[in-house]
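Peer 1: The structure under discussion is supplied below as structure tokens; questions concerning it will follow.
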Amino acid sequence: MKIIGIAGCYKRDGITGKMLNEVLKGTQQETETIFLLDYDLAPNSKDQQKLLEKLKAADVWILAAPTYFGGLSGIMKSFLDALRAQILRFDKKGDPHPLPTFKDKHYL
């Protein structure tokens, strides 16, 4: 099983980054950490394609981001917004459904 930790924080050694590292160490599985500030998150960028391949290869995604004023960090929000169309489709009611490639993925 492969687990990817996705760090949507602004400091690698900040509280969020440290907590993500501890969670990944505790899994005793193959892990990789993605620090979102290392990537160009623009839609259709080369980095977006790299991230999509990493997400496809992983069984579990662990999202870690600090909250500011009750919301996600900007970098995590940008990541989720940029990849939304690549991962989900929405039905007529507006309910999200994972695309077939991501159907059996798990996230936390």
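In the structure tokens, chains take the letters A, B, ... in the order shown, each chain's residues start at 1, and ligands count up from 1 in the order shown.
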Do a neighbour search on range 34-49 of chain A at 8 Å with only C-alpha atoms, toss out local chain neighbours closer than 3 positions, and write the hits as number ranges by chain.
Peer 2: A: 4-10, 12, 52-53, 75-76, 78-79, 82-83
Peer 1: Could you give me, as a ChimeraX atom specification, the residues within 12 Å of range 95-102 of chain A, counting only C-alpha atoms and dropping anything in the same chain fewer than 6 positions from it?
Peer 2: /A:52-61,83-89
Peer 1: Go ahead and save the picked residues with C-alpha atoms, as a PDB file, in the first residue's frame.
Peer 2:
ATOM      1  CA  LEU A  52      -1.995  13.497 -10.963  1.00  0.00           C
ATOM      2  CA  GLU A  53       0.354  10.581 -11.690  1.00  0.00           C
ATOM      3  CA  LYS A  54       1.442  10.505  -8.047  1.00  0.00           C
ATOM      4  CA  LEU A  55      -2.187  10.541  -6.889  1.00  0.00           C
ATOM      5  CA  LYS A  56      -3.069   7.717  -9.287  1.00  0.00           C
ATOM      6  CA  ALA A  57      -0.170   5.612  -7.976  1.00  0.00           C
ATOM      7  CA  ALA A  58      -1.156   6.038  -4.321  1.00  0.00           C
ATOM      8  CA  ASP A  59      -3.804   4.083  -2.442  1.00  0.00           C
ATOM      9  CA  VAL A  60      -4.347   6.665   0.293  1.00  0.00           C
ATOM     10  CA  TRP A  61      -3.920  10.440   0.378  1.00  0.00           C
ATOM     11  CA  LEU A  83      -7.381  19.216  -9.693  1.00  0.00           C
ATOM     12  CA  ARG A  84     -11.127  19.061  -9.158  1.00  0.00           C
ATOM     13  CA  ALA A  85     -12.002  18.590 -12.841  1.00  0.00           C
ATOM     14  CA  GLN A  86      -9.306  15.922 -13.187  1.00  0.00           C
ATOM     15  CA  ILE A  87     -10.584  13.867 -10.241  1.00  0.00           C
ATOM     16  CA  LEU A  88     -14.374  14.405 -10.046  1.00  0.00           C
ATOM     17  CA  ARG A  89     -17.459  14.815 -12.151  1.00  0.00           C
TER      18      ARG A  89
END
Peer 1: Please report, as a ChimeraX atom specification, each residue of chain A to which DSSP assigns helix (DSSP H, G or I) when run on this structure's backbone.
Peer 2: /A:15-27,36-38,46-57,74-87,100-102
Peer 1: Quick one: write out the picked residues with N, CA and C atoms as a CSV table (one decimal), in the first residue's frame?
Peer 2:
chain,number,residue,atom,x,y,z
A,15,ILE,N,4.3,23.3,12.4
A,15,ILE,CA,3.4,22.4,13.1
A,15,ILE,C,2.7,21.4,12.2
A,16,THR,N,2.1,21.9,11.1
A,16,THR,CA,1.4,21.0,10.2
A,16,THR,C,2.3,20.0,9.5
A,17,GLY,N,3.5,20.5,9.1
A,17,GLY,CA,4.5,19.6,8.4
A,17,GLY,C,5.0,18.5,9.4
A,18,LYS,N,5.2,18.9,10.6
A,18,LYS,CA,5.7,18.0,11.7
A,18,LYS,C,4.6,16.9,12.0
A,19,MET,N,3.4,17.4,12.1
A,19,MET,CA,2.3,16.5,12.3
A,19,MET,C,2.1,15.5,11.2
A,20,LEU,N,2.2,16.0,10.0
A,20,LEU,CA,2.1,15.1,8.8
A,20,LEU,C,3.2,14.0,8.8
A,21,ASN,N,4.4,14.4,9.1
A,21,ASN,CA,5.5,13.5,9.1
A,21,ASN,C,5.3,12.4,10.2
A,22,GLU,N,4.8,12.8,11.3
A,22,GLU,CA,4.5,11.8,12.4
A,22,GLU,C,3.4,10.8,12.0
A,23,VAL,N,2.4,11.3,11.3
A,23,VAL,CA,1.3,10.4,10.9
A,23,VAL,C,1.9,9.4,9.9
A,24,LEU,N,2.7,9.9,8.9
A,24,LEU,CA,3.2,9.0,7.9
A,24,LEU,C,4.2,8.0,8.5
A,25,LYS,N,5.0,8.4,9.5
A,25,LYS,CA,5.9,7.5,10.2
A,25,LYS,C,5.1,6.4,10.8
A,26,GLY,N,3.9,6.7,11.4
A,26,GLY,CA,3.1,5.8,12.1
A,26,GLY,C,2.4,4.8,11.2
A,27,THR,N,2.3,5.0,9.9
A,27,THR,CA,1.6,4.1,9.1
A,27,THR,C,2.4,2.8,8.8
A,36,LEU,N,3.3,21.1,-1.4
A,36,LEU,CA,2.7,21.8,-2.5
A,36,LEU,C,3.4,23.1,-3.0
A,37,LEU,N,4.1,23.7,-2.1
A,37,LEU,CA,4.8,24.9,-2.6
A,37,LEU,C,5.9,24.6,-3.6
A,38,ASP,N,6.3,23.3,-3.7
A,38,ASP,CA,7.3,22.9,-4.7
A,38,ASP,C,6.7,22.8,-6.1
A,46,LYS,N,2.7,21.3,-16.3
A,46,LYS,CA,3.5,20.0,-16.2
A,46,LYS,C,3.4,19.5,-14.8
A,47,ASP,N,3.5,20.4,-13.8
A,47,ASP,CA,3.5,19.9,-12.4
A,47,ASP,C,2.2,19.3,-12.1
A,48,GLN,N,1.1,19.8,-12.6
A,48,GLN,CA,-0.2,19.3,-12.3
A,48,GLN,C,-0.3,17.8,-12.8
A,49,GLN,N,0.3,17.6,-14.0
A,49,GLN,CA,0.3,16.2,-14.5
A,49,GLN,C,1.1,15.3,-13.7
A,50,LYS,N,2.3,15.8,-13.1
A,50,LYS,CA,3.1,15.0,-12.2
A,50,LYS,C,2.3,14.6,-11.0
A,51,LEU,N,1.6,15.6,-10.4
A,51,LEU,CA,0.8,15.4,-9.2
A,51,LEU,C,-0.3,14.4,-9.5
A,52,LEU,N,-0.9,14.5,-10.6
A,52,LEU,CA,-2.0,13.5,-11.0
A,52,LEU,C,-1.4,12.1,-11.0
A,53,GLU,N,-0.3,11.9,-11.6
A,53,GLU,CA,0.4,10.6,-11.7
A,53,GLU,C,0.7,10.1,-10.3
A,54,LYS,N,1.2,10.9,-9.4
A,54,LYS,CA,1.4,10.5,-8.0
A,54,LYS,C,0.2,10.1,-7.3
A,55,LEU,N,-0.9,10.9,-7.5
A,55,LEU,CA,-2.2,10.5,-6.9
A,55,LEU,C,-2.8,9.2,-7.4
A,56,LYS,N,-2.6,9.0,-8.7
A,56,LYS,CA,-3.1,7.7,-9.3
A,56,LYS,C,-2.3,6.5,-8.7
A,57,ALA,N,-1.0,6.7,-8.5
A,57,ALA,CA,-0.2,5.6,-8.0
A,57,ALA,C,-0.4,5.3,-6.5
A,74,GLY,N,-4.4,28.7,1.6
A,74,GLY,CA,-4.6,29.1,0.2
A,74,GLY,C,-4.0,28.1,-0.7
A,75,ILE,N,-2.8,27.5,-0.4
A,75,ILE,CA,-2.1,26.6,-1.3
A,75,ILE,C,-2.9,25.3,-1.4
A,76,MET,N,-3.5,24.8,-0.3
A,76,MET,CA,-4.3,23.6,-0.3
A,76,MET,C,-5.6,23.8,-1.1
A,77,LYS,N,-6.2,25.0,-0.9
A,77,LYS,CA,-7.4,25.3,-1.7
A,77,LYS,C,-7.1,25.4,-3.2
A,78,SER,N,-6.0,26.0,-3.6
A,78,SER,CA,-5.6,26.1,-5.0
A,78,SER,C,-5.3,24.7,-5.5
A,79,PHE,N,-4.7,23.8,-4.8
A,79,PHE,CA,-4.4,22.4,-5.2
A,79,PHE,C,-5.7,21.7,-5.5
A,80,LEU,N,-6.7,21.8,-4.5
A,80,LEU,CA,-7.9,21.1,-4.7
A,80,LEU,C,-8.8,21.7,-5.8
A,81,ASP,N,-8.8,23.0,-6.0
A,81,ASP,CA,-9.5,23.6,-7.1
A,81,ASP,C,-8.9,23.3,-8.4
A,82,ALA,N,-7.6,23.3,-8.5
A,82,ALA,CA,-7.0,23.0,-9.8
A,82,ALA,C,-7.2,21.5,-10.3
A,83,LEU,N,-7.3,20.6,-9.3
A,83,LEU,CA,-7.4,19.2,-9.7
A,83,LEU,C,-8.8,18.7,-9.7
A,84,ARG,N,-9.7,19.5,-9.3
A,84,ARG,CA,-11.1,19.1,-9.2
A,84,ARG,C,-11.7,18.4,-10.5
A,85,ALA,N,-11.5,19.1,-11.6
A,85,ALA,CA,-12.0,18.6,-12.8
A,85,ALA,C,-11.3,17.3,-13.3
A,86,GLN,N,-10.1,17.1,-12.8
A,86,GLN,CA,-9.3,15.9,-13.2
A,86,GLN,C,-9.7,14.7,-12.3
A,87,ILE,N,-10.3,14.9,-11.2
A,87,ILE,CA,-10.6,13.9,-10.2
A,87,ILE,C,-12.1,13.5,-10.1
A,100,PRO,N,-13.4,7.3,-12.8
A,100,PRO,CA,-13.0,5.9,-12.7
A,100,PRO,C,-11.6,5.7,-12.1
A,101,THR,N,-10.7,6.4,-12.6
A,101,THR,CA,-9.3,6.3,-12.1
A,101,THR,C,-9.1,6.5,-10.6
A,102,PHE,N,-10.0,7.3,-10.1
A,102,PHE,CA,-9.9,7.7,-8.6
A,102,PHE,C,-11.0,7.0,-7.8
Peer 1: May I ask for the distance between CA of Lys2 in chain A and CA of Gln29 in chain A, given in Å to one decimal place?
Peer 2: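 Value for the CA of Lys2 in chain A-CA of Gln29 in chain A distance: 6.5 Å.
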Peer 1: Quote the spacing between CA of Tyr107 in chain A and CA of Phe90 in chain A in Å to one decimal place.
Peer 2: 18.7 Å
Peer 1: So what do you get for CA of Thr33 in chain A versus CA of Thr67 in chain A, distance-wise?
Peer 2: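 Going from CA of Thr33 in chain A over to CA of Thr67 in chain A, I get 19.4 Å.
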